[in-house]
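K.L.:
Structure file run38.txt, compact mmCIF, N, CA and C atoms, is pasted below:
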# COMPACT_ATOMS: atom_id res chain seq x y z
N MET A 1 32.37 -13.70 4.20
CA MET A 1 33.57 -14.21 4.84
C MET A 1 34.75 -13.37 4.37
N PRO A 2 35.65 -13.01 5.26
CA PRO A 2 36.81 -12.21 4.87
C PRO A 2 37.66 -12.93 3.82
N GLN A 3 38.29 -12.13 2.96
CA GLN A 3 39.20 -12.68 1.96
C GLN A 3 40.62 -12.23 2.28
N TYR A 4 41.56 -13.09 1.94
CA TYR A 4 42.98 -12.86 2.22
C TYR A 4 43.79 -13.12 0.96
N LEU A 5 44.84 -12.33 0.80
CA LEU A 5 45.82 -12.55 -0.25
C LEU A 5 46.97 -13.33 0.36
N LEU A 6 47.29 -14.47 -0.21
CA LEU A 6 48.48 -15.24 0.16
C LEU A 6 49.44 -15.06 -1.01
N SER A 7 50.49 -14.28 -0.80
CA SER A 7 51.41 -13.99 -1.89
C SER A 7 52.73 -14.72 -1.69
N VAL A 8 53.21 -15.30 -2.79
CA VAL A 8 54.44 -16.08 -2.79
C VAL A 8 55.56 -15.19 -3.30
N HIS A 9 56.66 -15.15 -2.57
CA HIS A 9 57.78 -14.30 -2.95
C HIS A 9 58.99 -15.16 -3.29
N HIS A 10 59.65 -14.80 -4.39
CA HIS A 10 60.84 -15.52 -4.84
C HIS A 10 62.03 -14.56 -4.87
N ASP A 11 63.18 -15.07 -4.53
CA ASP A 11 64.42 -14.33 -4.65
C ASP A 11 64.95 -14.62 -6.06
N TYR A 12 64.72 -13.69 -6.98
CA TYR A 12 65.11 -13.91 -8.37
C TYR A 12 66.61 -13.74 -8.58
N ALA A 13 67.35 -13.32 -7.53
CA ALA A 13 68.81 -13.28 -7.63
C ALA A 13 69.37 -14.70 -7.59
N GLU A 14 68.59 -15.63 -7.02
CA GLU A 14 68.98 -17.04 -6.97
C GLU A 14 68.23 -17.80 -8.05
N ALA A 15 68.83 -18.84 -8.54
CA ALA A 15 68.18 -19.65 -9.57
C ALA A 15 66.94 -20.34 -8.98
N LEU A 16 65.85 -20.30 -9.73
CA LEU A 16 64.65 -21.02 -9.32
C LEU A 16 64.86 -22.51 -9.55
N PRO A 17 64.17 -23.34 -8.79
CA PRO A 17 64.29 -24.78 -9.02
C PRO A 17 63.92 -25.13 -10.45
N GLY A 18 64.51 -26.16 -10.95
CA GLY A 18 64.21 -26.59 -12.32
C GLY A 18 63.95 -28.07 -12.37
N GLY A 19 63.61 -28.55 -13.54
CA GLY A 19 63.45 -29.97 -13.80
C GLY A 19 62.55 -30.69 -12.82
N ASP A 20 63.07 -31.77 -12.24
CA ASP A 20 62.29 -32.59 -11.32
C ASP A 20 61.88 -31.83 -10.06
N ASP A 21 62.74 -30.94 -9.58
CA ASP A 21 62.40 -30.15 -8.39
C ASP A 21 61.18 -29.28 -8.65
N MET A 22 61.14 -28.62 -9.81
CA MET A 22 60.00 -27.77 -10.12
C MET A 22 58.74 -28.61 -10.33
N GLN A 23 58.87 -29.76 -10.94
CA GLN A 23 57.70 -30.63 -11.12
C GLN A 23 57.15 -31.08 -9.77
N ARG A 24 58.04 -31.37 -8.82
CA ARG A 24 57.61 -31.75 -7.47
C ARG A 24 56.84 -30.59 -6.82
N ILE A 25 57.38 -29.38 -6.95
CA ILE A 25 56.73 -28.21 -6.36
C ILE A 25 55.36 -27.98 -7.01
N TYR A 26 55.27 -28.09 -8.33
CA TYR A 26 53.98 -27.93 -9.02
C TYR A 26 52.96 -28.94 -8.48
N ALA A 27 53.39 -30.18 -8.30
CA ALA A 27 52.48 -31.21 -7.78
C ALA A 27 52.03 -30.88 -6.35
N GLN A 28 52.96 -30.40 -5.54
CA GLN A 28 52.62 -30.03 -4.16
C GLN A 28 51.62 -28.88 -4.14
N VAL A 29 51.84 -27.88 -4.98
CA VAL A 29 50.94 -26.73 -5.05
C VAL A 29 49.58 -27.17 -5.58
N ASP A 30 49.55 -28.04 -6.59
CA ASP A 30 48.27 -28.55 -7.10
C ASP A 30 47.48 -29.25 -6.00
N ALA A 31 48.17 -29.99 -5.14
CA ALA A 31 47.50 -30.69 -4.03
C ALA A 31 46.91 -29.69 -3.03
N VAL A 32 47.65 -28.63 -2.72
CA VAL A 32 47.13 -27.60 -1.81
C VAL A 32 45.95 -26.89 -2.47
N ASN A 33 46.08 -26.58 -3.77
CA ASN A 33 44.96 -25.94 -4.48
C ASN A 33 43.69 -26.79 -4.37
N GLU A 34 43.82 -28.08 -4.57
CA GLU A 34 42.66 -28.97 -4.49
C GLU A 34 42.08 -28.98 -3.07
N GLU A 35 42.95 -28.98 -2.08
CA GLU A 35 42.49 -28.96 -0.69
C GLU A 35 41.74 -27.66 -0.38
N ILE A 36 42.26 -26.54 -0.88
CA ILE A 36 41.58 -25.26 -0.67
C ILE A 36 40.21 -25.26 -1.35
N ARG A 37 40.15 -25.81 -2.57
CA ARG A 37 38.85 -25.90 -3.28
C ARG A 37 37.86 -26.76 -2.51
N GLU A 38 38.31 -27.93 -2.08
CA GLU A 38 37.43 -28.85 -1.36
C GLU A 38 36.92 -28.25 -0.05
N ALA A 39 37.71 -27.38 0.57
CA ALA A 39 37.30 -26.74 1.82
C ALA A 39 36.37 -25.55 1.59
N GLY A 40 36.18 -25.16 0.33
CA GLY A 40 35.33 -24.03 0.02
C GLY A 40 35.99 -22.68 0.26
N ALA A 41 37.31 -22.66 0.39
CA ALA A 41 38.04 -21.42 0.65
C ALA A 41 38.60 -20.79 -0.63
N TRP A 42 38.50 -21.48 -1.74
CA TRP A 42 39.09 -21.04 -3.00
C TRP A 42 38.34 -19.83 -3.56
N VAL A 43 39.09 -18.80 -3.95
CA VAL A 43 38.53 -17.69 -4.71
C VAL A 43 39.25 -17.61 -6.05
N PHE A 44 40.59 -17.50 -6.02
CA PHE A 44 41.37 -17.36 -7.23
C PHE A 44 42.84 -17.56 -6.90
N ALA A 45 43.62 -18.01 -7.88
CA ALA A 45 45.07 -18.13 -7.70
C ALA A 45 45.75 -18.00 -9.05
N GLY A 46 47.04 -17.68 -9.01
CA GLY A 46 47.79 -17.60 -10.25
C GLY A 46 49.27 -17.47 -10.00
N GLY A 47 50.04 -18.00 -10.93
CA GLY A 47 51.48 -17.83 -10.92
C GLY A 47 51.85 -16.74 -11.90
N LEU A 48 52.94 -16.04 -11.63
CA LEU A 48 53.36 -14.92 -12.47
C LEU A 48 54.66 -15.24 -13.18
N THR A 49 54.87 -14.59 -14.33
CA THR A 49 56.13 -14.72 -15.04
C THR A 49 57.21 -13.93 -14.29
N GLU A 50 58.44 -14.04 -14.75
CA GLU A 50 59.55 -13.37 -14.08
C GLU A 50 59.38 -11.86 -14.09
N PRO A 51 59.97 -11.15 -13.09
CA PRO A 51 59.80 -9.71 -12.97
C PRO A 51 60.23 -8.92 -14.21
N GLY A 52 61.19 -9.44 -14.95
CA GLY A 52 61.65 -8.74 -16.15
C GLY A 52 60.59 -8.59 -17.22
N SER A 53 59.51 -9.37 -17.12
CA SER A 53 58.43 -9.27 -18.11
C SER A 53 57.42 -8.19 -17.76
N ALA A 54 57.61 -7.53 -16.61
CA ALA A 54 56.66 -6.52 -16.14
C ALA A 54 56.79 -5.21 -16.92
N THR A 55 55.69 -4.50 -16.98
CA THR A 55 55.66 -3.13 -17.48
C THR A 55 54.99 -2.29 -16.40
N VAL A 56 55.61 -1.17 -16.04
CA VAL A 56 55.08 -0.29 -15.01
C VAL A 56 54.48 0.95 -15.69
N VAL A 57 53.24 1.27 -15.32
CA VAL A 57 52.56 2.45 -15.83
C VAL A 57 52.52 3.48 -14.70
N ARG A 58 53.06 4.68 -14.97
CA ARG A 58 53.13 5.73 -13.96
C ARG A 58 52.56 7.03 -14.53
N MET A 59 52.14 7.89 -13.60
CA MET A 59 51.78 9.25 -13.98
C MET A 59 52.99 10.12 -13.69
N VAL A 60 53.53 10.79 -14.71
CA VAL A 60 54.69 11.65 -14.57
C VAL A 60 54.34 13.01 -15.18
N ASP A 61 54.27 14.02 -14.33
CA ASP A 61 53.94 15.38 -14.78
C ASP A 61 52.66 15.42 -15.61
N GLY A 62 51.67 14.67 -15.18
CA GLY A 62 50.37 14.67 -15.87
C GLY A 62 50.28 13.77 -17.07
N ASP A 63 51.35 13.10 -17.43
CA ASP A 63 51.34 12.18 -18.57
C ASP A 63 51.61 10.76 -18.08
N LEU A 64 51.08 9.79 -18.80
CA LEU A 64 51.35 8.40 -18.47
C LEU A 64 52.68 7.98 -19.07
N SER A 65 53.44 7.28 -18.27
CA SER A 65 54.76 6.79 -18.68
C SER A 65 54.80 5.28 -18.50
N LEU A 66 55.33 4.57 -19.49
CA LEU A 66 55.49 3.12 -19.41
C LEU A 66 56.97 2.79 -19.38
N THR A 67 57.37 1.95 -18.42
CA THR A 67 58.76 1.51 -18.34
C THR A 67 58.80 -0.01 -18.22
N ASP A 68 59.83 -0.60 -18.78
CA ASP A 68 60.01 -2.04 -18.69
C ASP A 68 60.59 -2.42 -17.34
N GLY A 69 60.27 -3.62 -16.93
CA GLY A 69 60.87 -4.17 -15.71
C GLY A 69 60.00 -3.98 -14.49
N PRO A 70 60.41 -4.55 -13.40
CA PRO A 70 59.59 -4.52 -12.18
C PRO A 70 59.51 -3.12 -11.58
N PHE A 71 58.48 -2.90 -10.80
CA PHE A 71 58.27 -1.62 -10.12
C PHE A 71 59.35 -1.41 -9.06
N ALA A 72 59.59 -2.43 -8.26
CA ALA A 72 60.53 -2.31 -7.13
C ALA A 72 61.92 -2.77 -7.52
N GLU A 73 62.91 -2.03 -7.06
CA GLU A 73 64.32 -2.43 -7.23
C GLU A 73 64.68 -3.33 -6.05
N THR A 74 64.44 -4.60 -6.19
CA THR A 74 64.69 -5.55 -5.12
C THR A 74 64.99 -6.91 -5.73
N LYS A 75 65.57 -7.79 -4.93
CA LYS A 75 65.85 -9.13 -5.46
C LYS A 75 64.66 -10.07 -5.27
N GLU A 76 63.76 -9.76 -4.33
CA GLU A 76 62.58 -10.58 -4.13
C GLU A 76 61.37 -9.93 -4.78
N HIS A 77 60.63 -10.73 -5.52
CA HIS A 77 59.45 -10.24 -6.22
C HIS A 77 58.30 -11.23 -6.04
N LEU A 78 57.11 -10.73 -6.28
CA LEU A 78 55.92 -11.57 -6.25
C LEU A 78 56.01 -12.61 -7.35
N GLY A 79 55.86 -13.87 -6.99
CA GLY A 79 55.94 -14.95 -7.97
C GLY A 79 54.59 -15.59 -8.26
N GLY A 80 53.65 -15.44 -7.34
CA GLY A 80 52.32 -16.01 -7.51
C GLY A 80 51.48 -15.69 -6.30
N PHE A 81 50.23 -16.09 -6.33
CA PHE A 81 49.34 -15.72 -5.23
C PHE A 81 48.09 -16.60 -5.21
N TRP A 82 47.45 -16.59 -4.05
CA TRP A 82 46.11 -17.14 -3.87
C TRP A 82 45.25 -16.03 -3.29
N ILE A 83 44.00 -16.01 -3.63
CA ILE A 83 43.00 -15.23 -2.91
C ILE A 83 42.06 -16.26 -2.32
N ILE A 84 41.94 -16.25 -1.00
CA ILE A 84 41.12 -17.25 -0.32
C ILE A 84 40.08 -16.55 0.55
N ALA A 85 39.04 -17.29 0.87
CA ALA A 85 38.05 -16.84 1.85
C ALA A 85 38.28 -17.68 3.10
N ALA A 86 38.44 -17.01 4.22
CA ALA A 86 38.69 -17.71 5.48
C ALA A 86 37.94 -16.98 6.59
N PRO A 87 37.48 -17.70 7.59
CA PRO A 87 36.69 -17.06 8.65
C PRO A 87 37.48 -16.05 9.48
N ASP A 88 38.83 -16.22 9.54
CA ASP A 88 39.64 -15.31 10.34
C ASP A 88 41.11 -15.47 9.96
N LEU A 89 41.95 -14.63 10.55
CA LEU A 89 43.38 -14.65 10.24
C LEU A 89 44.01 -15.99 10.58
N ASP A 90 43.61 -16.60 11.67
CA ASP A 90 44.19 -17.89 12.04
C ASP A 90 43.95 -18.94 10.96
N ALA A 91 42.76 -18.95 10.38
CA ALA A 91 42.46 -19.91 9.31
C ALA A 91 43.27 -19.58 8.06
N ALA A 92 43.42 -18.29 7.75
CA ALA A 92 44.23 -17.89 6.60
C ALA A 92 45.69 -18.29 6.80
N LEU A 93 46.19 -18.13 8.03
CA LEU A 93 47.57 -18.53 8.33
C LEU A 93 47.76 -20.03 8.21
N ALA A 94 46.75 -20.79 8.55
CA ALA A 94 46.83 -22.26 8.39
C ALA A 94 47.00 -22.62 6.92
N TRP A 95 46.26 -21.95 6.04
CA TRP A 95 46.43 -22.19 4.60
C TRP A 95 47.80 -21.73 4.14
N ALA A 96 48.28 -20.60 4.68
CA ALA A 96 49.60 -20.10 4.29
C ALA A 96 50.71 -21.06 4.69
N ARG A 97 50.55 -21.70 5.83
CA ARG A 97 51.55 -22.71 6.24
C ARG A 97 51.63 -23.82 5.21
N LYS A 98 50.47 -24.31 4.78
CA LYS A 98 50.44 -25.37 3.77
C LYS A 98 51.01 -24.88 2.44
N ALA A 99 50.68 -23.64 2.08
CA ALA A 99 51.18 -23.08 0.83
C ALA A 99 52.69 -22.92 0.86
N THR A 100 53.24 -22.48 1.98
CA THR A 100 54.68 -22.31 2.12
C THR A 100 55.41 -23.63 1.95
N VAL A 101 54.88 -24.67 2.59
CA VAL A 101 55.49 -26.00 2.45
C VAL A 101 55.40 -26.47 1.01
N ALA A 102 54.23 -26.27 0.37
CA ALA A 102 54.02 -26.76 -0.99
C ALA A 102 54.92 -26.06 -2.00
N CYS A 103 55.00 -24.73 -1.93
CA CYS A 103 55.76 -24.02 -2.96
C CYS A 103 57.21 -23.78 -2.55
N GLU A 104 57.55 -24.16 -1.32
CA GLU A 104 58.92 -24.05 -0.83
C GLU A 104 59.46 -22.63 -0.96
N ALA A 105 58.60 -21.66 -0.63
CA ALA A 105 58.96 -20.24 -0.69
C ALA A 105 58.13 -19.48 0.35
N PRO A 106 58.59 -18.31 0.75
CA PRO A 106 57.83 -17.53 1.73
C PRO A 106 56.46 -17.13 1.18
N VAL A 107 55.47 -17.09 2.07
CA VAL A 107 54.12 -16.66 1.72
C VAL A 107 53.69 -15.58 2.70
N GLU A 108 53.31 -14.43 2.18
CA GLU A 108 52.81 -13.33 2.99
C GLU A 108 51.29 -13.38 3.01
N VAL A 109 50.69 -13.11 4.16
CA VAL A 109 49.23 -13.13 4.31
C VAL A 109 48.76 -11.71 4.59
N ARG A 110 47.80 -11.22 3.79
CA ARG A 110 47.24 -9.89 4.01
C ARG A 110 45.75 -9.92 3.77
N PRO A 111 44.99 -9.36 4.71
CA PRO A 111 43.54 -9.27 4.52
C PRO A 111 43.21 -8.15 3.53
N PHE A 112 42.10 -8.31 2.83
CA PHE A 112 41.61 -7.24 1.97
C PHE A 112 40.98 -6.15 2.83
N GLN A 113 41.03 -4.93 2.37
CA GLN A 113 40.43 -3.81 3.09
C GLN A 113 38.93 -4.03 3.24
N GLY A 114 38.40 -3.56 4.34
CA GLY A 114 36.96 -3.63 4.56
C GLY A 114 36.46 -4.98 4.99
N GLU A 115 37.35 -5.90 5.20
CA GLU A 115 36.95 -7.25 5.61
C GLU A 115 36.96 -7.36 7.11
Could I get this structure in the form of structure tokens?
P.N.:
Amino acid sequence: MPQYLLSVHHDYAEALPGGDDMQRIYAQVDAVNEEIREAGAWVFAGGLTEPGSATVVRMVDGDLSLTDGPFAETKEHLGGFWIIAAPDLDAALAWARKATVACEAPVEVRPFQGE
């Protein structure tokens, strides 16, 4: 069955929800996670720390270079993701709709190569 990446993007220029709002979002995401598991579509998922915690490894003139901070100079960064198995793009988009509502953030859907 084809696999899809559902990636959650956050605008880190704006404050992320906190306190009760974040707890509500966590509960909503947990419910979607359980629904995905029960449907047999679950492969893997994870939330990420803020972009400032990233380290980028590059090849520069034949040597490896490590730099702090996110790879992209942008205000929106990957905040978390799901990898799901779905019979087709329409089914993956149905899960993405639920994920978007649950995490209250945009979700991008991309199929894996060769699927």
K.L.:
Among chain A, which residues carry a DSSP assignment of alpha helix (DSSP H), reported as an MDAnalysis selection string?
P.N.:
chainID A and resid 19:38 89:103
K.L.:
Could you please take those selected residues and save N, CA and C atoms as an mmCIF file, in the coordinates of the input?
P.N.:
data_model
loop_
_atom_site.group_PDB
_atom_site.id
_atom_site.type_symbol
_atom_site.label_atom_id
_atom_site.label_comp_id
_atom_site.auth_asym_id
_atom_site.auth_seq_id
_atom_site.Cartn_x
_atom_site.Cartn_y
_atom_site.Cartn_z
ATOM 1 N N GLY A 19 63.610 -28.550 -13.540
ATOM 2 C CA GLY A 19 63.450 -29.970 -13.800
ATOM 3 C C GLY A 19 62.550 -30.690 -12.820
ATOM 4 N N ASP A 20 63.070 -31.770 -12.240
ATOM 5 C CA ASP A 20 62.290 -32.590 -11.320
ATOM 6 C C ASP A 20 61.880 -31.830 -10.060
ATOM 7 N N ASP A 21 62.740 -30.940 -9.580
ATOM 8 C CA ASP A 21 62.400 -30.150 -8.390
ATOM 9 C C ASP A 21 61.180 -29.280 -8.650
ATOM 10 N N MET A 22 61.140 -28.620 -9.810
ATOM 11 C CA MET A 22 60.000 -27.770 -10.120
ATOM 12 C C MET A 22 58.740 -28.610 -10.330
ATOM 13 N N GLN A 23 58.870 -29.760 -10.940
ATOM 14 C CA GLN A 23 57.700 -30.630 -11.120
ATOM 15 C C GLN A 23 57.150 -31.080 -9.770
ATOM 16 N N ARG A 24 58.040 -31.370 -8.820
ATOM 17 C CA ARG A 24 57.610 -31.750 -7.470
ATOM 18 C C ARG A 24 56.840 -30.590 -6.820
ATOM 19 N N ILE A 25 57.380 -29.380 -6.950
ATOM 20 C CA ILE A 25 56.730 -28.210 -6.360
ATOM 21 C C ILE A 25 55.360 -27.980 -7.010
ATOM 22 N N TYR A 26 55.270 -28.090 -8.330
ATOM 23 C CA TYR A 26 53.980 -27.930 -9.020
ATOM 24 C C TYR A 26 52.960 -28.940 -8.480
ATOM 25 N N ALA A 27 53.390 -30.180 -8.300
ATOM 26 C CA ALA A 27 52.480 -31.210 -7.780
ATOM 27 C C ALA A 27 52.030 -30.880 -6.350
ATOM 28 N N GLN A 28 52.960 -30.400 -5.540
ATOM 29 C CA GLN A 28 52.620 -30.030 -4.160
ATOM 30 C C GLN A 28 51.620 -28.880 -4.140
ATOM 31 N N VAL A 29 51.840 -27.880 -4.980
ATOM 32 C CA VAL A 29 50.940 -26.730 -5.050
ATOM 33 C C VAL A 29 49.580 -27.170 -5.580
ATOM 34 N N ASP A 30 49.550 -28.040 -6.590
ATOM 35 C CA ASP A 30 48.270 -28.550 -7.100
ATOM 36 C C ASP A 30 47.480 -29.250 -6.000
ATOM 37 N N ALA A 31 48.170 -29.990 -5.140
ATOM 38 C CA ALA A 31 47.500 -30.690 -4.030
ATOM 39 C C ALA A 31 46.910 -29.690 -3.030
ATOM 40 N N VAL A 32 47.650 -28.630 -2.720
ATOM 41 C CA VAL A 32 47.130 -27.600 -1.810
ATOM 42 C C VAL A 32 45.950 -26.890 -2.470
ATOM 43 N N ASN A 33 46.080 -26.580 -3.770
ATOM 44 C CA ASN A 33 44.960 -25.940 -4.480
ATOM 45 C C ASN A 33 43.690 -26.790 -4.370
ATOM 46 N N GLU A 34 43.820 -28.080 -4.570
ATOM 47 C CA GLU A 34 42.660 -28.970 -4.490
ATOM 48 C C GLU A 34 42.080 -28.980 -3.070
ATOM 49 N N GLU A 35 42.950 -28.980 -2.080
ATOM 50 C CA GLU A 35 42.490 -28.960 -0.690
ATOM 51 C C GLU A 35 41.740 -27.660 -0.380
ATOM 52 N N ILE A 36 42.260 -26.540 -0.880
ATOM 53 C CA ILE A 36 41.580 -25.260 -0.670
ATOM 54 C C ILE A 36 40.210 -25.260 -1.350
ATOM 55 N N ARG A 37 40.150 -25.810 -2.570
ATOM 56 C CA ARG A 37 38.850 -25.900 -3.280
ATOM 57 C C ARG A 37 37.860 -26.760 -2.510
ATOM 58 N N GLU A 38 38.310 -27.930 -2.080
ATOM 59 C CA GLU A 38 37.430 -28.850 -1.360
ATOM 60 C C GLU A 38 36.920 -28.250 -0.050
ATOM 61 N N LEU A 89 41.950 -14.630 10.550
ATOM 62 C CA LEU A 89 43.380 -14.650 10.240
ATOM 63 C C LEU A 89 44.010 -15.990 10.580
ATOM 64 N N ASP A 90 43.610 -16.600 11.670
ATOM 65 C CA ASP A 90 44.190 -17.890 12.040
ATOM 66 C C ASP A 90 43.950 -18.940 10.960
ATOM 67 N N ALA A 91 42.760 -18.950 10.380
ATOM 68 C CA ALA A 91 42.460 -19.910 9.310
ATOM 69 C C ALA A 91 43.270 -19.580 8.060
ATOM 70 N N ALA A 92 43.420 -18.290 7.750
ATOM 71 C CA ALA A 92 44.230 -17.890 6.600
ATOM 72 C C ALA A 92 45.690 -18.290 6.800
ATOM 73 N N LEU A 93 46.190 -18.130 8.030
ATOM 74 C CA LEU A 93 47.570 -18.530 8.330
ATOM 75 C C LEU A 93 47.760 -20.030 8.210
ATOM 76 N N ALA A 94 46.750 -20.790 8.550
ATOM 77 C CA ALA A 94 46.830 -22.260 8.390
ATOM 78 C C ALA A 94 47.000 -22.620 6.920
ATOM 79 N N TRP A 95 46.260 -21.950 6.040
ATOM 80 C CA TRP A 95 46.430 -22.190 4.600
ATOM 81 C C TRP A 95 47.800 -21.730 4.140
ATOM 82 N N ALA A 96 48.280 -20.600 4.680
ATOM 83 C CA ALA A 96 49.600 -20.100 4.290
ATOM 84 C C ALA A 96 50.710 -21.060 4.690
ATOM 85 N N ARG A 97 50.550 -21.700 5.830
ATOM 86 C CA ARG A 97 51.550 -22.710 6.240
ATOM 87 C C ARG A 97 51.630 -23.820 5.210
ATOM 88 N N LYS A 98 50.470 -24.310 4.780
ATOM 89 C CA LYS A 98 50.440 -25.370 3.770
ATOM 90 C C LYS A 98 51.010 -24.880 2.440
ATOM 91 N N ALA A 99 50.680 -23.640 2.080
ATOM 92 C CA ALA A 99 51.180 -23.080 0.830
ATOM 93 C C ALA A 99 52.690 -22.920 0.860
ATOM 94 N N THR A 100 53.240 -22.480 1.980
ATOM 95 C CA THR A 100 54.680 -22.310 2.120
ATOM 96 C C THR A 100 55.410 -23.630 1.950
ATOM 97 N N VAL A 101 54.880 -24.670 2.590
ATOM 98 C CA VAL A 101 55.490 -26.000 2.450
ATOM 99 C C VAL A 101 55.400 -26.470 1.010
ATOM 100 N N ALA A 102 54.230 -26.270 0.370
ATOM 101 C CA ALA A 102 54.020 -26.760 -0.990
ATOM 102 C C ALA A 102 54.920 -26.060 -2.000
ATOM 103 N N CYS A 103 55.000 -24.730 -1.930
ATOM 104 C CA CYS A 103 55.760 -24.020 -2.960
ATOM 105 C C CYS A 103 57.210 -23.780 -2.550
#
K.L.:
Name the closest residue to Val107 of chain A among the candidates A:Ser7, A:Pro2, A:Ala15, A:Asp68; distances are taken between atoms, counting only N, CA and C atoms.
P.N.:
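Answer, going by the shortest atom-to-atom distance: A:Ser7.
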K.L.:
Any idea what the distance is between atom N of Leu89 of chain A and atom C of Pro106 of chain A?
P.N.:
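Separation between atom N of Leu89 of chain A and atom C of Pro106 of chain A: 17.5 Å.
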K.L.:
Within 12 Å of (72.2, -13.1, -8.3), in the coordinates the file gives, what residues turn up when you count only C-alpha atoms, written out as an NGL selection string?
P.N.:
:A and (11-16 or 74-76)
K.L.:
Show me the residues close to (54.5, -25.5, -10.9) - anything with an atom within 12 Å, counting only C-alpha atoms - and format the list as number ranges by chain.
P.N.:
A: 16-33, 46-49, 79-80, 102-104
K.L.:
Ranking A:Pro87, A:Pro111, A:Gly40, A:Pro70 by minimum distance to Thr55 of chain A and counting all atoms listed in the file, which one comes first?
P.N.:
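The answer is A:Pro70, which sits nearest to Thr55 of chain A.
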K.L.:
Let's see if you can do this: from backbone DSSP, list all strand (DSSP E) residues in segment 11-107 of chain A, as a VMD selection string.
P.N.:
chain A and resid 11 42 to 47 55 to 60 63 to 68 76 to 85 107
K.L.:
What is the atom C of Val109 of chain A-atom N of Arg37 of chain A distance in Å, reported with one decimal?
P.N.:
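These two atoms are separated by 18.0 Å.
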K.L.:
Pick from A:Ile36, A:Leu66, A:Leu6, A:Val43: nearest to Ala85 of chain A, with all atoms listed in the file counted?
P.N.:
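Comparing A:Ile36, A:Leu66, A:Leu6, A:Val43 against Ala85 of chain A, the winner is A:Val43.
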K.L.:
Expressed in Å to a single decimal, how great is the separation between atom N of Asp61 of chain A and atom N of Leu78 of chain A?
P.N.:
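Atom N of Asp61 of chain A sits 26.2 Å away from atom N of Leu78 of chain A.
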K.L.:
Of the candidates A:Pro51, A:Glu73, A:Val60, A:Leu5, which one gets nearest to Leu93 of chain A if we count only C-alpha atoms?
P.N.:
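Nearest to Leu93 of chain A: A:Leu5.
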K.L.:
For Val56 of chain A, which of A:Trp95, A:Phe71, A:Gln3, A:Ala86 is the closest residue, counting only N, CA and C atoms?
P.N.:
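Going through A:Trp95, A:Phe71, A:Gln3, A:Ala86 one by one, the smallest distance to Val56 of chain A is for A:Phe71.
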K.L.:
With distances taken over all atoms listed in the file, which residue among A:Phe81, A:Phe112, A:Gly52, A:Ala92 lies nearest His9 of chain A?
P.N.:
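Among A:Phe81, A:Phe112, A:Gly52, A:Ala92, it is A:Phe81 that comes nearest to His9 of chain A.
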